[in-house]
Protein chains: 2
Amino acid sequence: MRTRITEILGIQHPVFQGGMAWIADANLAAAVSEAGGLGLISSINGGVEAVRSEIRKARELTSKPFGVNIMLAAPDAAAIADLVVEEGVGIVTTGAGSPAPYMEKWKAAGIKVIPVVASVAYAIKMQELGATAVIAEGAESGGHIGDTHTMALLPQILDAVDIPVLAAGGIFDGRGAAAAFIMGAAGVQVGTRFLLARECRVHPVYKERLVKASDIGTMVTGKSLGDAVRALKTPFTKKFAAMEADATVSDDAIRAFGTGSLRKAVFDGNLAEGSFLAGEVAGLAKREESAEDIVNDIINGAEALLKAAPEMIYGE
Amino acid sequence: MRTRITEILGIQHPVFQGGMAWIADANLAAAVSEAGGLGLISSINGGVEAVRSEIRKARELTSKPFGVNIMLAAPDAAAIADLVVEEGVGIVTTGAGSPAPYMEKWKAAGIKVIPVVASVAYAIKMQELGATAVIAEGAESGGHIGDTHTMALLPQILDAVDIPVLAAGGIFDGRGAAAAFIMGAAGVQVGTRFLLARECRVHPVYKERLVKASDIGTMVTGKSLGDAVRALKTPFTKKFAAMEADATVSDDAIRAFGTGSLRKAVFDGNLAEGSFLAGEVAGLAKREESAEDIVNDIINGAEALLKAAPEMIYGE
């Protein structure tokens, strides 16, 4: 399948793998890129030198394009911004803040910059800054989220900007991807499903919980802190929500309870203290698969639906 | 466009108009049915005799099928359940509770029952009860909402039941409708956009506020009461949210503040005390239009996208 984004990036399929903190490493990113999608390494992977080593490892594992997702609110964001230039990374996605301070440097280095955005105003701002494309992320997504959801957000962002728009949030298989494409998206970014990739290093308990999750298996916490996060319903998220509802618990105490919780989920499978970030599509998760099978299932499913779409008009 | 639902109901276009309380009356429902969609009269319209009179009025305005949406949590739900049988209504949609107590009577009267559902478990239960179809309503919708949003909810409900599934929540124009159809929906239900119909009786201030709303123009209140509701951000919703966040304010006081608020929005355009229910698509609202133009724009837009879909594969 060819879209504006496959042409610009020189990739085979318009499927990005979300650059999930502590999860998206060289193994996962390279497997997705090898399958023809766009793999992304997270900048939250144990510090600048660890990210450098993941970038170099990915380059050994694949000769195809991959990118780095930079979490701009992180303390080492400026150092990571330099790192991607030093290492000759060609594609950067950004989240949790504005890439404005780095745009000039990145553009001079020929880096294609694709910010994740959760609102129309932010999408317009990113286009003005010279972004190559934006990823419109609906709040069905796992992890840090905005307020508006994909079916409503995507068309509003498409109406507001001229650069290519990818869709994220609520996309698990060919159905979600076809829906995004028919609305006008140039690509899709998928996070939750890649947690189930064989090449994904999350703890077996994390994968088990995803497979067991239902359609109402996630919840959003952190709104009272101005930092909404979607994760699987677990003892941890329920306790977090109870602390937020309790006026006697300080915001600092809640933040302290959350510190390090993603690592406790990813590496330890710790249900009491771990934050198992996941999107609303977790209920569609059935089994572990290879990254290649995931990319192929999404793209083959979407293509089959798009090909058959005209027949829907005069249906059964 | 023909789908399982147009065949079952004998309607021209698979577009339902949401049966919005205090809003969906004979004028609006008949205009939508005349345009080939399915108009719905709300059971919350001033009591049983008022609903009877709306049903009779709609029958004078159109000879095409229309339905009644029954809010099952309302005190007069049982009387309305009898009324639709007495008045020979052919199609009933239900919300806010289980139609189980009335199913036998309705089925004996030949009524087609289409519950609005917000989860997989509820969709399965409705199929077991003998529902004709279900409307999978994502939490992008205005009014009372569940937890899961359309892009994630619709495929999960489609996987779980065999009866036709319609999509609601996040659908404003042909893009949202085409997305729902390509994912497998047999139809769409649209609420927010019909608030802008010329035949819709909401106060001019309500329509103005919809046209001015942005992509982040709605908010959800009532979660602390177990009754989440999406509405435009106004002085009323902000005060409601502040009361919920204030541990010194009792739930009863919050409920008292909310009582009658929908009528104050619909009839008085009262921004301080009115609840202007609206979905996340409010940001797409541009102008008042006739119900016929709305139905035609949705269906023509969806058909054009479905027809052109195969070309997307080898895109620009």
# chains A, B, ... in the order shown; residues from 1 in each chain; ligands from 1

call {"tool": "closest_atom_pairs", "arguments": {"of": "chain B", "to": "chain A", "cutoff": "7 Å", "atoms": "only C-alpha atoms", "output": "CSV"}}
result
residue,atom,partner,partner_atom,distance
B:Met1,CA,A:Ile313,CA,4.8
B:Arg2,CA,A:Tyr314,CA,4.9
B:Thr3,CA,A:Gly315,CA,5.3
B:Arg4,CA,A:Glu316,CA,6.8
B:Ser119,CA,A:Asp215,CA,6.7
B:Val120,CA,A:Asp215,CA,6.6
B:Glu140,CA,A:His149,CA,6.7
B:Asp147,CA,A:Ile216,CA,6.7
B:Thr148,CA,A:Ile216,CA,6.5
B:His149,CA,A:Glu140,CA,6.7
B:Thr150,CA,A:Met151,CA,6.9
B:Met151,CA,A:Gly170,CA,5.0
B:Ala152,CA,A:Gly170,CA,4.7
B:Leu153,CA,A:Asp215,CA,6.7
B:Gln156,CA,A:Leu284,CA,6.5
B:Gly170,CA,A:Ala152,CA,4.7
B:Ile171,CA,A:Met151,CA,7.0
B:Arg175,CA,A:Met183,CA,4.8
B:Gly176,CA,A:Met151,CA,6.5
B:Ala178,CA,A:Ile182,CA,6.8
B:Ala179,CA,A:Ala179,CA,4.1
B:Ala180,CA,A:Ala179,CA,7.0
B:Ile182,CA,A:Ala179,CA,6.2
B:Met183,CA,A:Arg175,CA,4.8
B:Asp215,CA,A:Val120,CA,6.6
B:Ile216,CA,A:Thr148,CA,6.5
B:Ala247,CA,A:Ala247,CA,6.8
B:Glu280,CA,A:Ala152,CA,5.8
B:Val281,CA,A:Ala152,CA,5.1
B:Leu284,CA,A:Gln156,CA,6.4
B:Glu303,CA,A:Ile313,CA,6.5
B:Leu305,CA,A:Ile182,CA,6.5
B:Leu306,CA,A:Ala309,CA,5.0
B:Lys307,CA,A:Pro310,CA,4.5
B:Ala309,CA,A:Leu306,CA,5.0
B:Pro310,CA,A:Lys307,CA,4.5
B:Ile313,CA,A:Met1,CA,4.8
B:Tyr314,CA,A:Arg2,CA,4.9
B:Gly315,CA,A:Thr3,CA,5.3
B:Glu316,CA,A:Thr3,CA,6.2

call {"tool": "write_last_selection", "arguments": {"atoms": "N, CA and C atoms", "output": "short mmCIF file (atom, residue, chain, number, x, y, z; two decimals), in the first residue's frame"}}
result
data_model
loop_
_atom_site.label_atom_id
_atom_site.label_comp_id
_atom_site.auth_asym_id
_atom_site.auth_seq_id
_atom_site.Cartn_x
_atom_site.Cartn_y
_atom_site.Cartn_z
N MET B 1 -27.79 3.26 -0.43
CA MET B 1 -26.92 2.25 0.16
C MET B 1 -27.76 1.20 0.89
N ARG B 2 -27.46 -0.07 0.61
CA ARG B 2 -28.25 -1.15 1.23
C ARG B 2 -27.40 -1.94 2.19
N THR B 3 -27.93 -2.17 3.38
CA THR B 3 -27.24 -2.98 4.39
C THR B 3 -28.27 -3.91 5.03
N ARG B 4 -27.82 -4.76 5.94
CA ARG B 4 -28.76 -5.63 6.64
C ARG B 4 -29.85 -4.80 7.33
N SER B 119 -20.96 -1.81 25.72
CA SER B 119 -19.94 -2.81 26.04
C SER B 119 -20.28 -4.12 25.35
N VAL B 120 -19.27 -4.97 25.22
CA VAL B 120 -19.45 -6.29 24.60
C VAL B 120 -20.43 -7.14 25.40
N GLU B 140 -17.48 8.87 22.66
CA GLU B 140 -17.36 10.19 22.03
C GLU B 140 -18.71 10.89 22.00
N ASP B 147 -17.60 3.63 28.71
CA ASP B 147 -16.16 3.83 28.93
C ASP B 147 -15.32 3.70 27.66
N THR B 148 -15.84 3.04 26.63
CA THR B 148 -15.00 2.66 25.49
C THR B 148 -15.47 3.44 24.26
N HIS B 149 -14.52 3.73 23.37
CA HIS B 149 -14.80 4.63 22.25
C HIS B 149 -14.92 3.85 20.93
N THR B 150 -15.55 4.50 19.94
CA THR B 150 -16.03 3.78 18.76
C THR B 150 -14.97 2.94 18.04
N MET B 151 -13.78 3.51 17.78
CA MET B 151 -12.77 2.76 17.03
C MET B 151 -12.40 1.45 17.72
N ALA B 152 -12.43 1.45 19.03
CA ALA B 152 -12.09 0.25 19.79
C ALA B 152 -13.32 -0.61 20.07
N LEU B 153 -14.46 0.04 20.32
CA LEU B 153 -15.67 -0.68 20.73
C LEU B 153 -16.32 -1.44 19.59
N GLN B 156 -14.93 -4.85 18.53
CA GLN B 156 -15.08 -5.83 19.60
C GLN B 156 -16.53 -6.32 19.68
N GLY B 170 -18.92 9.81 17.50
CA GLY B 170 -17.82 10.25 16.64
C GLY B 170 -18.17 10.32 15.18
N ILE B 171 -19.45 10.14 14.84
CA ILE B 171 -19.82 10.13 13.42
C ILE B 171 -20.58 11.41 13.07
N ARG B 175 -17.13 10.72 6.28
CA ARG B 175 -15.89 10.06 6.70
C ARG B 175 -16.14 9.10 7.86
N GLY B 176 -16.81 9.59 8.89
CA GLY B 176 -17.10 8.73 10.03
C GLY B 176 -18.01 7.57 9.64
N ALA B 178 -18.30 6.19 6.60
CA ALA B 178 -17.54 5.23 5.79
C ALA B 178 -16.62 4.40 6.69
N ALA B 179 -16.02 5.03 7.68
CA ALA B 179 -15.16 4.30 8.62
C ALA B 179 -15.96 3.22 9.33
N ALA B 180 -17.16 3.57 9.79
CA ALA B 180 -18.00 2.59 10.48
C ALA B 180 -18.40 1.45 9.55
N ILE B 182 -16.86 0.39 6.81
CA ILE B 182 -15.75 -0.47 6.39
C ILE B 182 -15.30 -1.38 7.54
N MET B 183 -15.53 -0.93 8.79
CA MET B 183 -15.23 -1.82 9.92
C MET B 183 -16.28 -2.92 10.07
N ASP B 215 -12.40 21.07 18.73
CA ASP B 215 -12.20 19.62 18.93
C ASP B 215 -12.08 19.25 20.40
N ILE B 216 -11.75 20.22 21.23
CA ILE B 216 -11.69 19.93 22.67
C ILE B 216 -12.78 20.71 23.40
N ALA B 247 -14.70 17.86 47.95
CA ALA B 247 -15.13 16.80 48.88
C ALA B 247 -16.20 17.28 49.85
N GLU B 280 -18.03 14.65 20.81
CA GLU B 280 -16.71 15.20 20.46
C GLU B 280 -16.66 15.76 19.04
N VAL B 281 -17.61 15.38 18.20
CA VAL B 281 -17.63 15.88 16.82
C VAL B 281 -18.18 17.30 16.73
N LEU B 284 -16.73 19.76 14.43
CA LEU B 284 -16.95 19.69 12.98
C LEU B 284 -18.19 20.49 12.56
N GLU B 303 -20.66 7.00 0.54
CA GLU B 303 -20.65 6.22 -0.71
C GLU B 303 -19.48 6.61 -1.60
N LEU B 305 -16.59 7.76 -0.70
CA LEU B 305 -15.35 7.21 -0.13
C LEU B 305 -15.27 5.70 -0.32
N LEU B 306 -16.39 5.00 -0.13
CA LEU B 306 -16.38 3.54 -0.31
C LEU B 306 -16.09 3.18 -1.77
N LYS B 307 -16.66 3.95 -2.70
CA LYS B 307 -16.42 3.70 -4.13
C LYS B 307 -14.95 3.90 -4.49
N ALA B 309 -12.40 3.72 -2.49
CA ALA B 309 -11.46 3.08 -1.55
C ALA B 309 -10.37 2.24 -2.22
N PRO B 310 -10.70 1.45 -3.26
CA PRO B 310 -9.64 0.61 -3.85
C PRO B 310 -8.47 1.44 -4.38
N ILE B 313 -5.22 2.17 -2.25
CA ILE B 313 -4.16 1.20 -1.99
C ILE B 313 -2.88 1.57 -2.72
N TYR B 314 -3.02 2.03 -3.98
CA TYR B 314 -1.80 2.41 -4.70
C TYR B 314 -1.69 3.91 -4.87
N GLY B 315 -2.31 4.59 -3.91
CA GLY B 315 -2.43 6.05 -3.70
C GLY B 315 -1.65 6.98 -4.62
N GLU B 316 -1.42 8.15 -4.08
CA GLU B 316 -0.82 9.24 -4.86
C GLU B 316 0.63 8.93 -5.22
#

call {"tool": "residues_around", "arguments": {"residues": "range 64-71 of chain A", "least_positions_apart": "3", "cutoff": "8 Å", "atoms": "only C-alpha atoms", "output": "ChimeraX atom specification"}}
result
/A:9-11,19,29-30,33-34,36,38-44,74,77,80-81,84,89-97

call {"tool": "residues_around", "arguments": {"residues": "Arg201 in chain A", "least_positions_apart": "3", "cutoff": "10 Å", "atoms": "only C-alpha atoms", "output": "list in words"}}
result
Trp22, Ile23, Ala24, Asp25, Asn27, Leu28, Leu195, Leu196, Ala197, Arg198, Pro204, Tyr206, Lys207, Val266 and Phe267 of chain A

call {"tool": "atom_distance", "arguments": {"atom1": "CA of Val32 in chain B", "atom2": "CA of Thr192 in chain B"}}
result
13.8 Å

call {"tool": "select_by_dssp", "arguments": {"residues": "range 214-305 of chain B", "states": "strand (DSSP E or B)", "output": "ChimeraX atom specification"}}
result
/B:218-221,229-232,277,289

call {"tool": "write_last_selection", "arguments": {"atoms": "C-alpha atoms", "output": "compact mmCIF listing (two decimals), in the first residue's frame"}}
result
# COMPACT_ATOMS: atom_id res chain seq x y z
CA THR B 218 -16.74 18.99 25.24
CA MET B 219 -16.10 17.51 28.65
CA VAL B 220 -17.38 14.60 30.71
CA THR B 221 -18.96 15.19 34.11
CA VAL B 229 -22.37 12.63 30.68
CA ARG B 230 -20.65 14.45 27.81
CA ALA B 231 -21.63 18.07 27.13
CA LEU B 232 -20.19 21.30 25.76
CA LEU B 277 -25.22 17.74 25.59
CA GLU B 289 -28.86 22.69 7.61

call {"tool": "residues_around", "arguments": {"residues": "Lys57 in chain B", "least_positions_apart": "4", "cutoff": "7 Å", "atoms": "only C-alpha atoms", "output": "PyMOL selection string"}}
result
chain B and resi 26+53+61

call {"tool": "residues_around", "arguments": {"residues": "Ala123 in chain B", "least_positions_apart": "6", "cutoff": "9 Å", "atoms": "only C-alpha atoms", "output": "ChimeraX atom specification"}}
result
/B:115-117,134-136,157,160-161

call {"tool": "write_last_selection", "arguments": {"atoms": "N, CA and C atoms", "output": "PDB file, in the first residue's frame"}}
result
ATOM      1  N   PRO B 115     -31.390  -2.082  20.965  1.00  0.00           N
ATOM      2  CA  PRO B 115     -30.824  -1.404  22.139  1.00  0.00           C
ATOM      3  C   PRO B 115     -29.503  -0.702  21.808  1.00  0.00           C
ATOM      4  N   VAL B 116     -29.295   0.404  22.501  1.00  0.00           N
ATOM      5  CA  VAL B 116     -27.998   1.077  22.484  1.00  0.00           C
ATOM      6  C   VAL B 116     -27.140   0.408  23.546  1.00  0.00           C
ATOM      7  N   VAL B 117     -25.938  -0.016  23.150  1.00  0.00           N
ATOM      8  CA  VAL B 117     -25.053  -0.721  24.091  1.00  0.00           C
ATOM      9  C   VAL B 117     -23.678  -0.053  24.098  1.00  0.00           C
ATOM     10  N   VAL B 134     -28.074  -4.120  17.448  1.00  0.00           N
ATOM     11  CA  VAL B 134     -27.644  -3.249  18.551  1.00  0.00           C
ATOM     12  C   VAL B 134     -26.944  -2.030  17.957  1.00  0.00           C
ATOM     13  N   ILE B 135     -26.969  -0.958  18.724  1.00  0.00           N
ATOM     14  CA  ILE B 135     -26.204   0.242  18.375  1.00  0.00           C
ATOM     15  C   ILE B 135     -25.022   0.322  19.339  1.00  0.00           C
ATOM     16  N   ALA B 136     -23.814   0.120  18.808  1.00  0.00           N
ATOM     17  CA  ALA B 136     -22.595   0.196  19.627  1.00  0.00           C
ATOM     18  C   ALA B 136     -22.234   1.660  19.783  1.00  0.00           C
ATOM     19  N   ILE B 157     -17.488  -5.427  19.468  1.00  0.00           N
ATOM     20  CA  ILE B 157     -18.895  -5.855  19.475  1.00  0.00           C
ATOM     21  C   ILE B 157     -19.218  -6.642  18.209  1.00  0.00           C
ATOM     22  N   ALA B 160     -18.400 -10.128  18.644  1.00  0.00           N
ATOM     23  CA  ALA B 160     -19.101 -10.829  19.723  1.00  0.00           C
ATOM     24  C   ALA B 160     -20.529 -11.241  19.382  1.00  0.00           C
ATOM     25  N   VAL B 161     -21.161 -10.594  18.412  1.00  0.00           N
ATOM     26  CA  VAL B 161     -22.568 -10.894  18.103  1.00  0.00           C
ATOM     27  C   VAL B 161     -22.756 -11.125  16.599  1.00  0.00           C
TER      28      VAL B 161
END

call {"tool": "atom_distance", "arguments": {"atom1": "CA of Val165 in chain B", "atom2": "CA of Ala185 in chain B"}}
result
5.4 Å

call {"tool": "residues_around", "arguments": {"residues": "Lys264 in chain B", "least_positions_apart": "6", "cutoff": "9 Å", "atoms": "only C-alpha atoms", "output": "PyMOL selection string"}}
result
chain B and resi 270-271+273-276

call {"tool": "select_by_dssp", "arguments": {"residues": "range 147-296 of chain A", "states": "alpha helix (DSSP H)", "output": "PyMOL selection string"}}
result
chain A and resi 150-160+174-183+192-195+204-212+235-245+251-258+261-266+291-296

call {"tool": "closest_residue", "arguments": {"among": "A:Ala272, A:Lys286, A:Ala21, A:Met103", "to": "Ala213 in chain A", "atoms": "only C-alpha atoms"}}
result
A:Lys286

call {"tool": "decode", "arguments": {"residues": "range 6-39 of chain B", "atoms": "N, CA and C atoms", "output": "PDB file, in the first residue's frame"}}
result
ATOM      1  N   THR B   6     -31.033  -1.706   6.542  1.00  0.00           N
ATOM      2  CA  THR B   6     -32.023  -1.066   5.654  1.00  0.00           C
ATOM      3  C   THR B   6     -33.044  -2.099   5.185  1.00  0.00           C
ATOM      4  N   GLU B   7     -32.560  -3.338   4.983  1.00  0.00           N
ATOM      5  CA  GLU B   7     -33.475  -4.403   4.535  1.00  0.00           C
ATOM      6  C   GLU B   7     -34.483  -4.751   5.624  1.00  0.00           C
ATOM      7  N   ILE B   8     -33.969  -4.916   6.859  1.00  0.00           N
ATOM      8  CA  ILE B   8     -34.845  -5.329   7.966  1.00  0.00           C
ATOM      9  C   ILE B   8     -35.896  -4.262   8.269  1.00  0.00           C
ATOM     10  N   LEU B   9     -35.488  -2.998   8.224  1.00  0.00           N
ATOM     11  CA  LEU B   9     -36.392  -1.928   8.645  1.00  0.00           C
ATOM     12  C   LEU B   9     -37.161  -1.303   7.485  1.00  0.00           C
ATOM     13  N   GLY B  10     -36.756  -1.636   6.257  1.00  0.00           N
ATOM     14  CA  GLY B  10     -37.430  -1.024   5.115  1.00  0.00           C
ATOM     15  C   GLY B  10     -37.164   0.465   5.003  1.00  0.00           C
ATOM     16  N   ILE B  11     -35.929   0.868   5.276  1.00  0.00           N
ATOM     17  CA  ILE B  11     -35.561   2.283   5.127  1.00  0.00           C
ATOM     18  C   ILE B  11     -34.561   2.414   3.975  1.00  0.00           C
ATOM     19  N   GLN B  12     -34.396   3.653   3.518  1.00  0.00           N
ATOM     20  CA  GLN B  12     -33.578   3.862   2.325  1.00  0.00           C
ATOM     21  C   GLN B  12     -32.091   3.966   2.659  1.00  0.00           C
ATOM     22  N   HIS B  13     -31.769   4.710   3.712  1.00  0.00           N
ATOM     23  CA  HIS B  13     -30.372   4.938   4.089  1.00  0.00           C
ATOM     24  C   HIS B  13     -30.107   4.438   5.515  1.00  0.00           C
ATOM     25  N   PRO B  14     -28.944   3.801   5.743  1.00  0.00           N
ATOM     26  CA  PRO B  14     -28.651   3.261   7.080  1.00  0.00           C
ATOM     27  C   PRO B  14     -28.159   4.347   8.045  1.00  0.00           C
ATOM     28  N   VAL B  15     -28.961   5.382   8.211  1.00  0.00           N
ATOM     29  CA  VAL B  15     -28.613   6.506   9.086  1.00  0.00           C
ATOM     30  C   VAL B  15     -29.756   6.734  10.076  1.00  0.00           C
ATOM     31  N   PHE B  16     -29.481   6.508  11.367  1.00  0.00           N
ATOM     32  CA  PHE B  16     -30.464   6.785  12.418  1.00  0.00           C
ATOM     33  C   PHE B  16     -30.171   8.169  13.003  1.00  0.00           C
ATOM     34  N   GLN B  17     -31.221   8.838  13.377  1.00  0.00           N
ATOM     35  CA  GLN B  17     -31.069  10.083  14.136  1.00  0.00           C
ATOM     36  C   GLN B  17     -31.229   9.732  15.615  1.00  0.00           C
ATOM     37  N   GLY B  18     -30.263  10.105  16.437  1.00  0.00           N
ATOM     38  CA  GLY B  18     -30.304   9.748  17.855  1.00  0.00           C
ATOM     39  C   GLY B  18     -31.569  10.261  18.521  1.00  0.00           C
ATOM     40  N   GLY B  19     -32.138   9.458  19.408  1.00  0.00           N
ATOM     41  CA  GLY B  19     -33.404   9.814  20.054  1.00  0.00           C
ATOM     42  C   GLY B  19     -33.169  10.654  21.297  1.00  0.00           C
ATOM     43  N   MET B  20     -32.695  11.869  21.087  1.00  0.00           N
ATOM     44  CA  MET B  20     -32.230  12.740  22.165  1.00  0.00           C
ATOM     45  C   MET B  20     -33.360  13.286  23.028  1.00  0.00           C
ATOM     46  N   ALA B  21     -33.202  13.113  24.347  1.00  0.00           N
ATOM     47  CA  ALA B  21     -34.231  13.535  25.297  1.00  0.00           C
ATOM     48  C   ALA B  21     -34.545  15.019  25.159  1.00  0.00           C
ATOM     49  N   TRP B  22     -35.843  15.365  25.211  1.00  0.00           N
ATOM     50  CA  TRP B  22     -36.342  16.747  25.133  1.00  0.00           C
ATOM     51  C   TRP B  22     -36.053  17.399  23.775  1.00  0.00           C
ATOM     52  N   ILE B  23     -35.387  16.699  22.871  1.00  0.00           N
ATOM     53  CA  ILE B  23     -34.975  17.287  21.595  1.00  0.00           C
ATOM     54  C   ILE B  23     -35.631  16.560  20.426  1.00  0.00           C
ATOM     55  N   ALA B  24     -35.571  15.230  20.461  1.00  0.00           N
ATOM     56  CA  ALA B  24     -36.032  14.438  19.317  1.00  0.00           C
ATOM     57  C   ALA B  24     -37.553  14.338  19.357  1.00  0.00           C
ATOM     58  N   ASP B  25     -38.191  15.215  18.602  1.00  0.00           N
ATOM     59  CA  ASP B  25     -39.659  15.249  18.560  1.00  0.00           C
ATOM     60  C   ASP B  25     -40.156  14.824  17.178  1.00  0.00           C
ATOM     61  N   ALA B  26     -41.449  14.965  16.961  1.00  0.00           N
ATOM     62  CA  ALA B  26     -42.048  14.527  15.697  1.00  0.00           C
ATOM     63  C   ALA B  26     -41.461  15.277  14.501  1.00  0.00           C
ATOM     64  N   ASN B  27     -41.265  16.575  14.654  1.00  0.00           N
ATOM     65  CA  ASN B  27     -40.748  17.368  13.531  1.00  0.00           C
ATOM     66  C   ASN B  27     -39.395  16.861  13.056  1.00  0.00           C
ATOM     67  N   LEU B  28     -38.486  16.658  14.012  1.00  0.00           N
ATOM     68  CA  LEU B  28     -37.145  16.204  13.647  1.00  0.00           C
ATOM     69  C   LEU B  28     -37.189  14.775  13.110  1.00  0.00           C
ATOM     70  N   ALA B  29     -37.868  13.896  13.837  1.00  0.00           N
ATOM     71  CA  ALA B  29     -37.897  12.484  13.440  1.00  0.00           C
ATOM     72  C   ALA B  29     -38.533  12.323  12.054  1.00  0.00           C
ATOM     73  N   ALA B  30     -39.617  13.023  11.814  1.00  0.00           N
ATOM     74  CA  ALA B  30     -40.295  12.887  10.521  1.00  0.00           C
ATOM     75  C   ALA B  30     -39.423  13.427   9.396  1.00  0.00           C
ATOM     76  N   ALA B  31     -38.697  14.513   9.674  1.00  0.00           N
ATOM     77  CA  ALA B  31     -37.829  15.078   8.629  1.00  0.00           C
ATOM     78  C   ALA B  31     -36.720  14.097   8.266  1.00  0.00           C
ATOM     79  N   VAL B  32     -36.157  13.426   9.265  1.00  0.00           N
ATOM     80  CA  VAL B  32     -35.094  12.449   8.993  1.00  0.00           C
ATOM     81  C   VAL B  32     -35.670  11.246   8.248  1.00  0.00           C
ATOM     82  N   SER B  33     -36.833  10.769   8.659  1.00  0.00           N
ATOM     83  CA  SER B  33     -37.438   9.624   7.973  1.00  0.00           C
ATOM     84  C   SER B  33     -37.822   9.995   6.538  1.00  0.00           C
ATOM     85  N   GLU B  34     -38.367  11.178   6.356  1.00  0.00           N
ATOM     86  CA  GLU B  34     -38.704  11.628   4.997  1.00  0.00           C
ATOM     87  C   GLU B  34     -37.463  11.664   4.100  1.00  0.00           C
ATOM     88  N   ALA B  35     -36.305  11.963   4.720  1.00  0.00           N
ATOM     89  CA  ALA B  35     -35.052  12.013   3.954  1.00  0.00           C
ATOM     90  C   ALA B  35     -34.487  10.622   3.686  1.00  0.00           C
ATOM     91  N   GLY B  36     -35.156   9.586   4.203  1.00  0.00           N
ATOM     92  CA  GLY B  36     -34.719   8.217   3.917  1.00  0.00           C
ATOM     93  C   GLY B  36     -33.949   7.561   5.049  1.00  0.00           C
ATOM     94  N   GLY B  37     -33.656   8.314   6.109  1.00  0.00           N
ATOM     95  CA  GLY B  37     -33.019   7.724   7.285  1.00  0.00           C
ATOM     96  C   GLY B  37     -34.061   7.200   8.249  1.00  0.00           C
ATOM     97  N   LEU B  38     -33.668   6.962   9.481  1.00  0.00           N
ATOM     98  CA  LEU B  38     -34.637   6.561  10.496  1.00  0.00           C
ATOM     99  C   LEU B  38     -34.709   7.634  11.565  1.00  0.00           C
ATOM    100  N   GLY B  39     -35.842   8.316  11.613  1.00  0.00           N
ATOM    101  CA  GLY B  39     -36.077   9.296  12.665  1.00  0.00           C
ATOM    102  C   GLY B  39     -36.528   8.608  13.932  1.00  0.00           C
TER     103      GLY B  39
END
